[in-house]
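> Supplied in structure tokens, the structure appears directly below.
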2 protein chains.
Amino acid sequence: MKLFTPVAAQQVTALGERRLIARIRRWLGAACPPAPFGIGDDCAVLPPSRREILVTTDPVIAGRHFDASVSPAAAGAKLLKRNLSDIAAMGGTPRSAVVSLALAPETSLAWLREFHRGLARCARTYGVSVVGGDITQAPAGFFGGFLTLLGEASGPRAVTRHGAREGDHLLVTGRLGGSLLGHHHAFSPRLEEGAWLARRREVRAMMDLSDGLAKDVRELLAPPLAPDLDLSALPVCAAAQRMSRKSGRSAIDHALNDGEDYELLLAVDGRRSIAPLLRAWKKRFPQVPLTPIGRVVRQRRSLPPLHGGFEHLVASPSKRGRR
Amino acid sequence: MKLFTPVAAQQVTALGERRLIARIRRWLGAACPPAPFGIGDDCAVLPPSRREILVTTDPVIAGRHFDASVSPAAAGAKLLKRNLSDIAAMGGTPRSAVVSLALAPETSLAWLREFHRGLARCARTYGVSVVGGDITQAPAGFFGGFLTLLGEASGPRAVTRHGAREGDHLLVTGRLGGSLLGHHHAFSPRLEEGAWLARRREVRAMMDLSDGLAKDVRELLAPPLAPDLDLSALPVCAAAQRMSRKSGRSAIDHALNDGEDYELLLAVDGRRSIAPLLRAWKKRFPQVPLTPIGRVVRQRRSLPPLHGGFEHLVASPSKRGRR
């Protein structure tokens with residue numbers, strides 16, 4: 001299904017704003033409560049919150065976060081899942097989303113319907129209400145969905161990126177690399193895992209991996225702290241192995257630098273054994289690996305640099321069509 | 001100052017994402033608290049809220065919501081003020097914002113600095129913290145800022161669009177029309193006025209005027225309710241008079257249809273006199289008119305249609321460069 005259509009009757013402009021909004025509400029269905037708790041007033045009105053409130057925002061832009069090989073429903077789900085992964089990284093529970101669309105006039109209504117159906121299915125799965133939004137006309141050839149997600153801490157605390165100390169263990173959920181082969185839109189945000197980890201007191205800092213471990217780990221560890229990674233221990237995804245055969249780069253290189261893993265990276269108190277954590281995890285999440293990949297150290301010159309990861313702003317046209 | 005520059009060293013790509021984010025935090029200054037309460041973690045962490053939470057989202061897109069005649073600082077302030085006007089329309093108090101930027105690679109760093117300084121000044125004026133955001137590369141020639149604003153009800157209730165009844169008075173703040181001559185970015189959101197009105201029990205429904213009274217009033221009154229407006233009573237802005245001289249359309253036509261007034265439209269209990277409300281208003285807001293412009297009636301065929309107002313999705317290129 002094509003994002004843009006030359007047939008005027010099948011374009012968003014055939015409806016006009018008012019009818020398009022009504023259509024979007026229908027496509028969203030149960031994911032969209034009635035105003036003023038949902039779309040249709042100046043603001044959405046949400047109930048008071050006794051817990052800390054979490055807020056995150058991430059877009060999907062055509063040609064950058066998805067391309068023609070990704071179904072519109074998967075693109076719509078990805079818009080929400082990118083944000084869900086951020087809530088997971090704090091150990092939070094997602095609640096409400098607002099979506100701002102910037103649409104070229106020639107955007108296909110059928111494509112947009114499937115996009116919203118995919119978004120709505122994902123919203124229902126994770127208990128998220130779409131409570132508001134905006135539609136603006138964009139230049140020809142542009143499609144962007146900009147979502148802001150609100151959530152709450154699921155327990156007594158939200159786990160930030162800023163608690164790691166020297167000697168801490170570094171662990172990662174799932175397997176890394178090769179996301180371009182499908183994982184970049186087919187992933188499941190680690191919400192249950194994140195909420196469970198936030199309740200474990202030995203977990204000191206956590207984040208989700210979106211730009212690749214090599215780049216993202218620098219966000220968890222500010223100098224003088226640095227990662228001392230055991231690269232042979234990295235849980236490498238089968239997709240990274242497959243990509244390696246074609247690219248001539250190692251599977252570990254892919255695991256470090258591909259990005260869009262949407263797995264959790266965490267720092268765990270290094271003064272204790274991590275065996276109890278790993279045992280409890282295996283009982284609770286038998287299908288998902290939790291792998292120790294190194295320690296937090298004070299920066300020394302002898303550490304190999306971990307350059308790489310996805311750079312969002314490049315002077316030349318994007319090398320990868322989906323970020 | 002130009003939005004885009006051909007000089008590579010002056011483009012956003014000269015910095016890369018990490019350094020650009022650091023720069024943005026510096027430009028925002030006191031408007032941007034440290035992580036995890038501001039930019040720099042997977043989510044921003046906001047304190048619990050004992051009142052109802054308000055959420056709204058509106059963008060500014062270059063060539064649509066502003067053009068080269070608008071300074072970057074005014075464009076940045078407009079991004080926030082469009083959203084502040086929605087909070088004002090519910091009688092709320094603004095608190096926190098997240099900003100998603102979609103930037104062409106050739107976006108000028110100097111322009112972006114002034115944009116953020118204008119945004120920051122406006123945020124400080126209205127007590128808003130910029131707590132998070134995202135930067136994504138967009139195609140050449142595109143600049144969009146997508147802001148989501150969180151607020152709280154300022155009193156015991158948030159005033160929605162959905163309380164008007166037959167016989168209610170319709171009133172409007174300020175003066176309407178001619179916004180293209182400068183008001184569309186130089187306006188002051190009616191936050192104090194909205195919060196004050198929300199505490200008056202006779203105010204039943206409220207909204208802000210963004211697409212023009214003729215179009216917006218239909219959002220306040222669902223069939224069978226309709227507006228019976230006294231067009232001769234409309235508070236017409238001097239700018240609408242000036243535009244009328246050139247356009248050949250009446251000043252009232254401009255007041256009804258130009259849009260971007262960012263004034264408040266309200267329905268007030270029609271069973272009582274509005275004299276006490278008007279007297280109390282004049283005492284509290286002596287500089288701002290509050291004008292009765294008609295009543296809410298049951299739809300009858302004899303009412304003149306009030307077609308018009310700004311249409312956000314048009315098949316032909318936009319007739320107006322700034323929406």
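By order in the structure tokens, chains are A, B, ...; within a chain, residues start at 1; ligands start at 1, following the order shown.
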Give as a list of chain:residue names every residue of chain A that touches chain B within 6 Å, counting only C-alpha atoms.
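Going by the stated atoms only, the list reads A:Thr13, A:Gly16, A:Glu17, A:Asp42, A:Cys43, A:Ala44, A:Val45, A:Leu46, A:Pro47, A:Pro48, A:Ser49, A:Arg50, A:Arg51, A:Glu52, A:Ile53, A:Leu54, A:Val55, A:Thr56, A:Asp86, A:Gln137, A:His312, A:Leu313, A:Val314, A:Ala315.
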> Please produce a file of the residues just selected, as a compact mmCIF listing (two decimals), in the first residue's frame, where the atoms kept are N, CA, C and O atoms.

# COMPACT_ATOMS: atom_id res chain seq x y z
N THR A 13 -6.92 15.43 1.36
CA THR A 13 -7.57 16.71 1.07
C THR A 13 -8.99 16.53 0.54
O THR A 13 -9.77 17.48 0.54
N GLY A 16 -11.09 17.15 3.82
CA GLY A 16 -11.05 18.38 4.63
C GLY A 16 -10.79 18.00 6.08
O GLY A 16 -10.97 16.86 6.50
N GLU A 17 -10.38 19.01 6.85
CA GLU A 17 -9.90 18.76 8.21
C GLU A 17 -10.96 18.14 9.13
O GLU A 17 -10.71 17.15 9.81
N ASP A 42 -10.19 21.82 23.46
CA ASP A 42 -8.93 22.56 23.34
C ASP A 42 -7.78 21.78 23.96
O ASP A 42 -6.68 21.76 23.43
N CYS A 43 -8.06 21.14 25.09
CA CYS A 43 -7.10 20.25 25.74
C CYS A 43 -7.81 18.95 26.08
O CYS A 43 -9.03 18.92 26.23
N ALA A 44 -7.06 17.88 26.21
CA ALA A 44 -7.59 16.68 26.85
C ALA A 44 -7.50 16.88 28.36
O ALA A 44 -6.57 17.52 28.86
N VAL A 45 -8.48 16.34 29.08
CA VAL A 45 -8.52 16.45 30.54
C VAL A 45 -8.25 15.07 31.12
O VAL A 45 -9.03 14.14 30.93
N LEU A 46 -7.12 14.93 31.80
CA LEU A 46 -6.74 13.64 32.38
C LEU A 46 -6.93 13.68 33.89
O LEU A 46 -6.83 14.74 34.50
N PRO A 47 -7.19 12.53 34.51
CA PRO A 47 -7.39 12.51 35.95
C PRO A 47 -6.10 12.90 36.69
O PRO A 47 -5.00 12.74 36.16
N PRO A 48 -6.23 13.40 37.92
CA PRO A 48 -5.03 13.68 38.73
C PRO A 48 -4.18 12.43 38.87
O PRO A 48 -4.67 11.31 38.69
N SER A 49 -2.89 12.61 39.16
CA SER A 49 -1.98 11.47 39.29
C SER A 49 -1.27 11.52 40.64
O SER A 49 -0.67 12.54 40.98
N ARG A 50 -1.38 10.43 41.41
CA ARG A 50 -0.72 10.41 42.72
C ARG A 50 0.73 10.00 42.61
O ARG A 50 1.50 10.12 43.55
N ARG A 51 1.10 9.45 41.44
CA ARG A 51 2.50 9.06 41.24
C ARG A 51 3.21 10.09 40.37
O ARG A 51 2.58 10.92 39.73
N GLU A 52 4.54 9.98 40.32
CA GLU A 52 5.30 10.83 39.42
C GLU A 52 4.83 10.61 37.98
O GLU A 52 4.53 9.49 37.58
N ILE A 53 4.79 11.68 37.20
CA ILE A 53 4.32 11.62 35.82
C ILE A 53 5.53 11.54 34.88
O ILE A 53 6.51 12.27 35.05
N LEU A 54 5.47 10.64 33.92
CA LEU A 54 6.54 10.47 32.93
C LEU A 54 6.08 11.02 31.59
O LEU A 54 4.94 10.80 31.19
N VAL A 55 6.96 11.71 30.88
CA VAL A 55 6.63 12.28 29.58
C VAL A 55 7.77 12.01 28.61
O VAL A 55 8.94 12.22 28.95
N THR A 56 7.43 11.56 27.42
CA THR A 56 8.44 11.36 26.38
C THR A 56 7.85 11.67 25.03
O THR A 56 6.63 11.63 24.85
N ASP A 86 10.59 4.13 25.84
CA ASP A 86 11.12 5.13 26.77
C ASP A 86 10.45 5.03 28.14
O ASP A 86 11.09 5.23 29.17
N GLN A 137 -1.03 20.58 7.36
CA GLN A 137 -0.57 20.26 6.02
C GLN A 137 0.93 20.48 5.91
O GLN A 137 1.47 21.46 6.41
N HIS A 312 21.88 11.23 14.24
CA HIS A 312 20.60 11.71 13.71
C HIS A 312 20.73 12.84 12.72
O HIS A 312 19.82 13.11 11.96
N LEU A 313 21.83 13.55 12.76
CA LEU A 313 21.97 14.70 11.88
C LEU A 313 23.23 14.53 11.05
O LEU A 313 24.33 14.58 11.56
N VAL A 314 23.07 14.28 9.77
CA VAL A 314 24.21 14.10 8.90
C VAL A 314 24.08 15.04 7.72
O VAL A 314 22.98 15.30 7.23
N ALA A 315 25.23 15.55 7.25
CA ALA A 315 25.20 16.52 6.17
C ALA A 315 24.78 15.86 4.86
O ALA A 315 24.04 16.43 4.06
> I need the residues of stretch 14-145 of chain B that end up classed as alpha helix (DSSP H) by DSSP on the backbone, written out as a VMD selection string.
chain B and resid 17 to 28 72 to 89 109 to 125
> Counting only C-alpha atoms, which residue out of B:Ser247, B:Ser108, B:Thr93, B:Ser69 sits closest to B:Pro6?
B:Ser108
> If we count only C-alpha atoms, what is near stretch 235-246 of chain B at a cut-off of 8 Å, once residues fewer than 6 positions away on the same chain are taken out, given as a list in words?
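Within the cut-off, the hits are Gly174, Arg175, Leu176, Gly177, Gly178, Ser179, Leu181, Ile252, His254, Ala255 and Thr291 of chain B.
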> Any idea what's packed within 12 Å of B:Leu231, counting only C-alpha atoms, ignoring anything in its chain fewer than 2 positions away? Could you give it as a ChimeraX atom specification?
/B:176,213-214,227-229,233-236,250-256,291-295,304,306
> Quick one: everything within 9 Å of A:Lys78, counting only C-alpha atoms, minus sequence neighbours fewer than 3 positions away in the same chain. Send it as a PyMOL selection string.
chain A and resi 60+65-66+73-75+81-83+118-119+122+184-187
> Identify, with DSSP run on backbone atoms, the residues in stretch 5-227 of chain B assigned to strand (DSSP E or B), and express the list as a compact mmCIF listing (two decimals) with N, CA and C atoms, in the first residue's frame.

# COMPACT_ATOMS: atom_id res chain seq x y z
N GLN B 11 25.44 25.29 9.56
CA GLN B 11 24.27 24.42 9.55
C GLN B 11 24.23 23.54 10.80
N ALA B 44 11.00 12.61 30.85
CA ALA B 44 11.04 13.60 31.91
C ALA B 44 10.17 13.08 33.06
N VAL B 45 10.59 13.38 34.29
CA VAL B 45 9.85 12.96 35.47
C VAL B 45 9.22 14.20 36.12
N LEU B 46 7.90 14.26 36.12
CA LEU B 46 7.19 15.41 36.66
C LEU B 46 6.55 15.03 38.00
N SER B 49 0.27 15.19 40.39
CA SER B 49 -0.64 16.33 40.26
C SER B 49 -1.94 16.02 40.98
N ILE B 53 -5.24 17.00 34.89
CA ILE B 53 -4.11 17.33 34.04
C ILE B 53 -4.64 17.69 32.64
N LEU B 54 -4.14 18.79 32.10
CA LEU B 54 -4.54 19.23 30.75
C LEU B 54 -3.39 18.96 29.78
N VAL B 55 -3.72 18.48 28.59
CA VAL B 55 -2.70 18.20 27.56
C VAL B 55 -3.17 18.75 26.24
N THR B 56 -2.28 19.43 25.52
CA THR B 56 -2.60 19.91 24.18
C THR B 56 -1.35 19.88 23.32
N THR B 57 -1.53 19.83 22.00
CA THR B 57 -0.37 19.78 21.11
C THR B 57 -0.65 20.57 19.84
N ASP B 58 0.28 21.45 19.48
CA ASP B 58 0.19 22.26 18.27
C ASP B 58 1.60 22.50 17.74
N PRO B 59 1.76 22.48 16.44
CA PRO B 59 3.09 22.71 15.87
C PRO B 59 3.24 24.12 15.29
N VAL B 60 4.47 24.50 14.94
CA VAL B 60 4.68 25.55 13.93
C VAL B 60 5.54 24.95 12.82
N ILE B 61 5.10 25.15 11.58
CA ILE B 61 5.82 24.66 10.42
C ILE B 61 6.15 25.85 9.53
N ALA B 62 7.43 25.92 9.11
CA ALA B 62 7.87 27.05 8.29
C ALA B 62 7.07 27.08 6.99
N PHE B 66 4.48 30.41 9.96
CA PHE B 66 5.26 31.65 9.93
C PHE B 66 6.03 31.67 8.62
N GLY B 92 -6.93 26.86 32.48
CA GLY B 92 -5.87 26.12 33.15
C GLY B 92 -4.61 26.92 33.39
N THR B 93 -3.68 26.29 34.08
CA THR B 93 -2.35 26.85 34.34
C THR B 93 -1.32 25.99 33.63
N PRO B 94 -0.47 26.57 32.77
CA PRO B 94 0.53 25.76 32.05
C PRO B 94 1.68 25.35 32.96
N ARG B 95 2.28 24.20 32.70
CA ARG B 95 3.37 23.70 33.54
C ARG B 95 4.60 23.28 32.75
N SER B 96 4.47 22.28 31.86
CA SER B 96 5.65 21.66 31.24
C SER B 96 5.42 21.42 29.76
N ALA B 97 6.49 21.53 28.98
CA ALA B 97 6.39 21.31 27.54
C ALA B 97 7.48 20.36 27.06
N VAL B 98 7.16 19.56 26.04
CA VAL B 98 8.19 18.82 25.29
C VAL B 98 8.11 19.28 23.84
N VAL B 99 9.28 19.34 23.19
CA VAL B 99 9.37 19.89 21.84
C VAL B 99 10.08 18.90 20.92
N SER B 100 9.40 18.48 19.87
CA SER B 100 10.01 17.62 18.85
C SER B 100 10.33 18.49 17.64
N LEU B 101 11.58 18.46 17.21
CA LEU B 101 12.00 19.25 16.06
C LEU B 101 12.26 18.34 14.87
N ALA B 102 11.76 18.71 13.69
CA ALA B 102 12.12 18.05 12.44
C ALA B 102 12.82 19.10 11.58
N LEU B 103 14.11 18.87 11.36
CA LEU B 103 14.99 19.90 10.79
C LEU B 103 15.61 19.45 9.48
N THR B 107 19.41 23.70 8.03
CA THR B 107 18.87 24.67 8.99
C THR B 107 20.01 25.45 9.64
N SER B 108 19.82 26.76 9.72
CA SER B 108 20.85 27.64 10.26
C SER B 108 20.91 27.56 11.78
N SER B 129 8.22 24.98 32.04
CA SER B 129 9.52 24.32 31.91
C SER B 129 9.54 23.46 30.65
N VAL B 130 10.61 23.56 29.87
CA VAL B 130 10.79 22.67 28.72
C VAL B 130 11.52 21.44 29.24
N VAL B 131 10.81 20.31 29.32
CA VAL B 131 11.31 19.15 30.05
C VAL B 131 11.79 18.01 29.15
N GLY B 132 11.64 18.15 27.84
CA GLY B 132 12.11 17.08 26.98
C GLY B 132 11.90 17.41 25.53
N GLY B 133 12.39 16.51 24.68
CA GLY B 133 12.23 16.76 23.26
C GLY B 133 12.91 15.71 22.42
N ASP B 134 12.95 15.99 21.14
CA ASP B 134 13.54 15.08 20.19
C ASP B 134 13.96 15.90 18.97
N ILE B 135 15.05 15.46 18.33
CA ILE B 135 15.50 16.10 17.08
C ILE B 135 15.59 15.03 16.01
N THR B 136 14.93 15.26 14.88
CA THR B 136 15.03 14.33 13.76
C THR B 136 15.33 15.11 12.50
N GLN B 137 16.11 14.48 11.64
CA GLN B 137 16.42 15.12 10.37
C GLN B 137 15.22 15.02 9.44
N PHE B 143 11.13 22.76 8.05
CA PHE B 143 11.35 23.01 9.47
C PHE B 143 10.01 22.91 10.18
N GLY B 144 9.93 22.02 11.17
CA GLY B 144 8.72 21.91 11.98
C GLY B 144 9.09 21.75 13.44
N GLY B 145 8.39 22.48 14.28
CA GLY B 145 8.51 22.32 15.73
C GLY B 145 7.16 21.85 16.24
N PHE B 146 7.15 20.71 16.96
CA PHE B 146 5.90 20.10 17.44
C PHE B 146 5.94 20.09 18.96
N LEU B 147 5.10 20.92 19.57
CA LEU B 147 5.14 21.08 21.02
C LEU B 147 3.91 20.46 21.67
N THR B 148 4.14 19.74 22.74
CA THR B 148 3.04 19.27 23.58
C THR B 148 3.15 19.96 24.93
N LEU B 149 2.05 20.56 25.37
CA LEU B 149 2.04 21.33 26.61
C LEU B 149 1.15 20.65 27.64
N LEU B 150 1.69 20.50 28.85
CA LEU B 150 0.92 19.98 29.97
C LEU B 150 0.59 21.12 30.92
N GLY B 151 -0.59 21.05 31.49
CA GLY B 151 -0.99 22.04 32.48
C GLY B 151 -1.91 21.40 33.49
N GLU B 152 -2.45 22.22 34.35
CA GLU B 152 -3.40 21.75 35.37
C GLU B 152 -4.61 22.68 35.35
N ALA B 153 -5.75 22.15 35.78
CA ALA B 153 -6.88 23.03 36.05
C ALA B 153 -6.42 24.02 37.11
N HIS B 169 -25.85 33.27 26.46
CA HIS B 169 -25.17 34.39 25.81
C HIS B 169 -23.85 33.91 25.22
N LEU B 170 -23.50 34.46 24.06
CA LEU B 170 -22.17 34.22 23.48
C LEU B 170 -21.34 35.49 23.64
N LEU B 171 -20.13 35.33 24.16
CA LEU B 171 -19.25 36.49 24.36
C LEU B 171 -17.86 36.18 23.82
N VAL B 172 -17.15 37.23 23.51
CA VAL B 172 -15.79 37.05 23.00
C VAL B 172 -14.86 38.07 23.65
N THR B 173 -13.64 37.65 23.95
CA THR B 173 -12.64 38.59 24.49
C THR B 173 -11.93 39.30 23.35
N LEU B 176 -11.37 41.01 16.92
CA LEU B 176 -11.16 39.94 15.94
C LEU B 176 -10.74 40.46 14.56
N VAL B 203 -20.22 30.80 33.52
CA VAL B 203 -19.54 30.42 32.27
C VAL B 203 -19.70 28.92 32.05
N ARG B 204 -20.37 28.56 30.97
CA ARG B 204 -20.72 27.15 30.76
C ARG B 204 -19.82 26.42 29.79
N ALA B 205 -19.27 27.14 28.83
CA ALA B 205 -18.42 26.51 27.82
C ALA B 205 -17.45 27.56 27.30
N MET B 206 -16.28 27.11 26.87
CA MET B 206 -15.27 28.08 26.43
C MET B 206 -14.34 27.40 25.44
N MET B 207 -13.80 28.20 24.51
CA MET B 207 -12.78 27.70 23.57
C MET B 207 -11.97 28.88 23.10
N ASP B 208 -10.81 28.60 22.48
CA ASP B 208 -10.06 29.71 21.90
C ASP B 208 -10.31 29.76 20.40
N LEU B 225 -28.17 22.97 18.35
CA LEU B 225 -27.81 24.32 18.78
C LEU B 225 -27.05 25.05 17.68
N ALA B 226 -27.29 26.36 17.60
CA ALA B 226 -26.62 27.17 16.59
C ALA B 226 -26.44 28.58 17.14
N PRO B 227 -25.51 29.35 16.56
CA PRO B 227 -25.32 30.72 17.04
C PRO B 227 -26.27 31.68 16.31
> If you measure from atom CA of B:Gly270 to atom CA of B:Ser210, what distance in Å do you get, rounded to one decimal?
25.0 Å
> Atom CA of B:Asp168 and atom CA of B:Gln299, how far apart in Å?
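Going from atom CA of B:Gln299 over to atom CA of B:Asp168 covers 13.8 Å.
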> Can you pull out the residues contacting stretch 24-30 of chain A? Cut-off 7 Å, using only C-alpha atoms, and skip same-chain residues under 4 positions away; I want them as a list of chain:residue names.
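Returned residues: A:Leu20, A:Arg113, A:His116, A:Arg117, A:Ala120.
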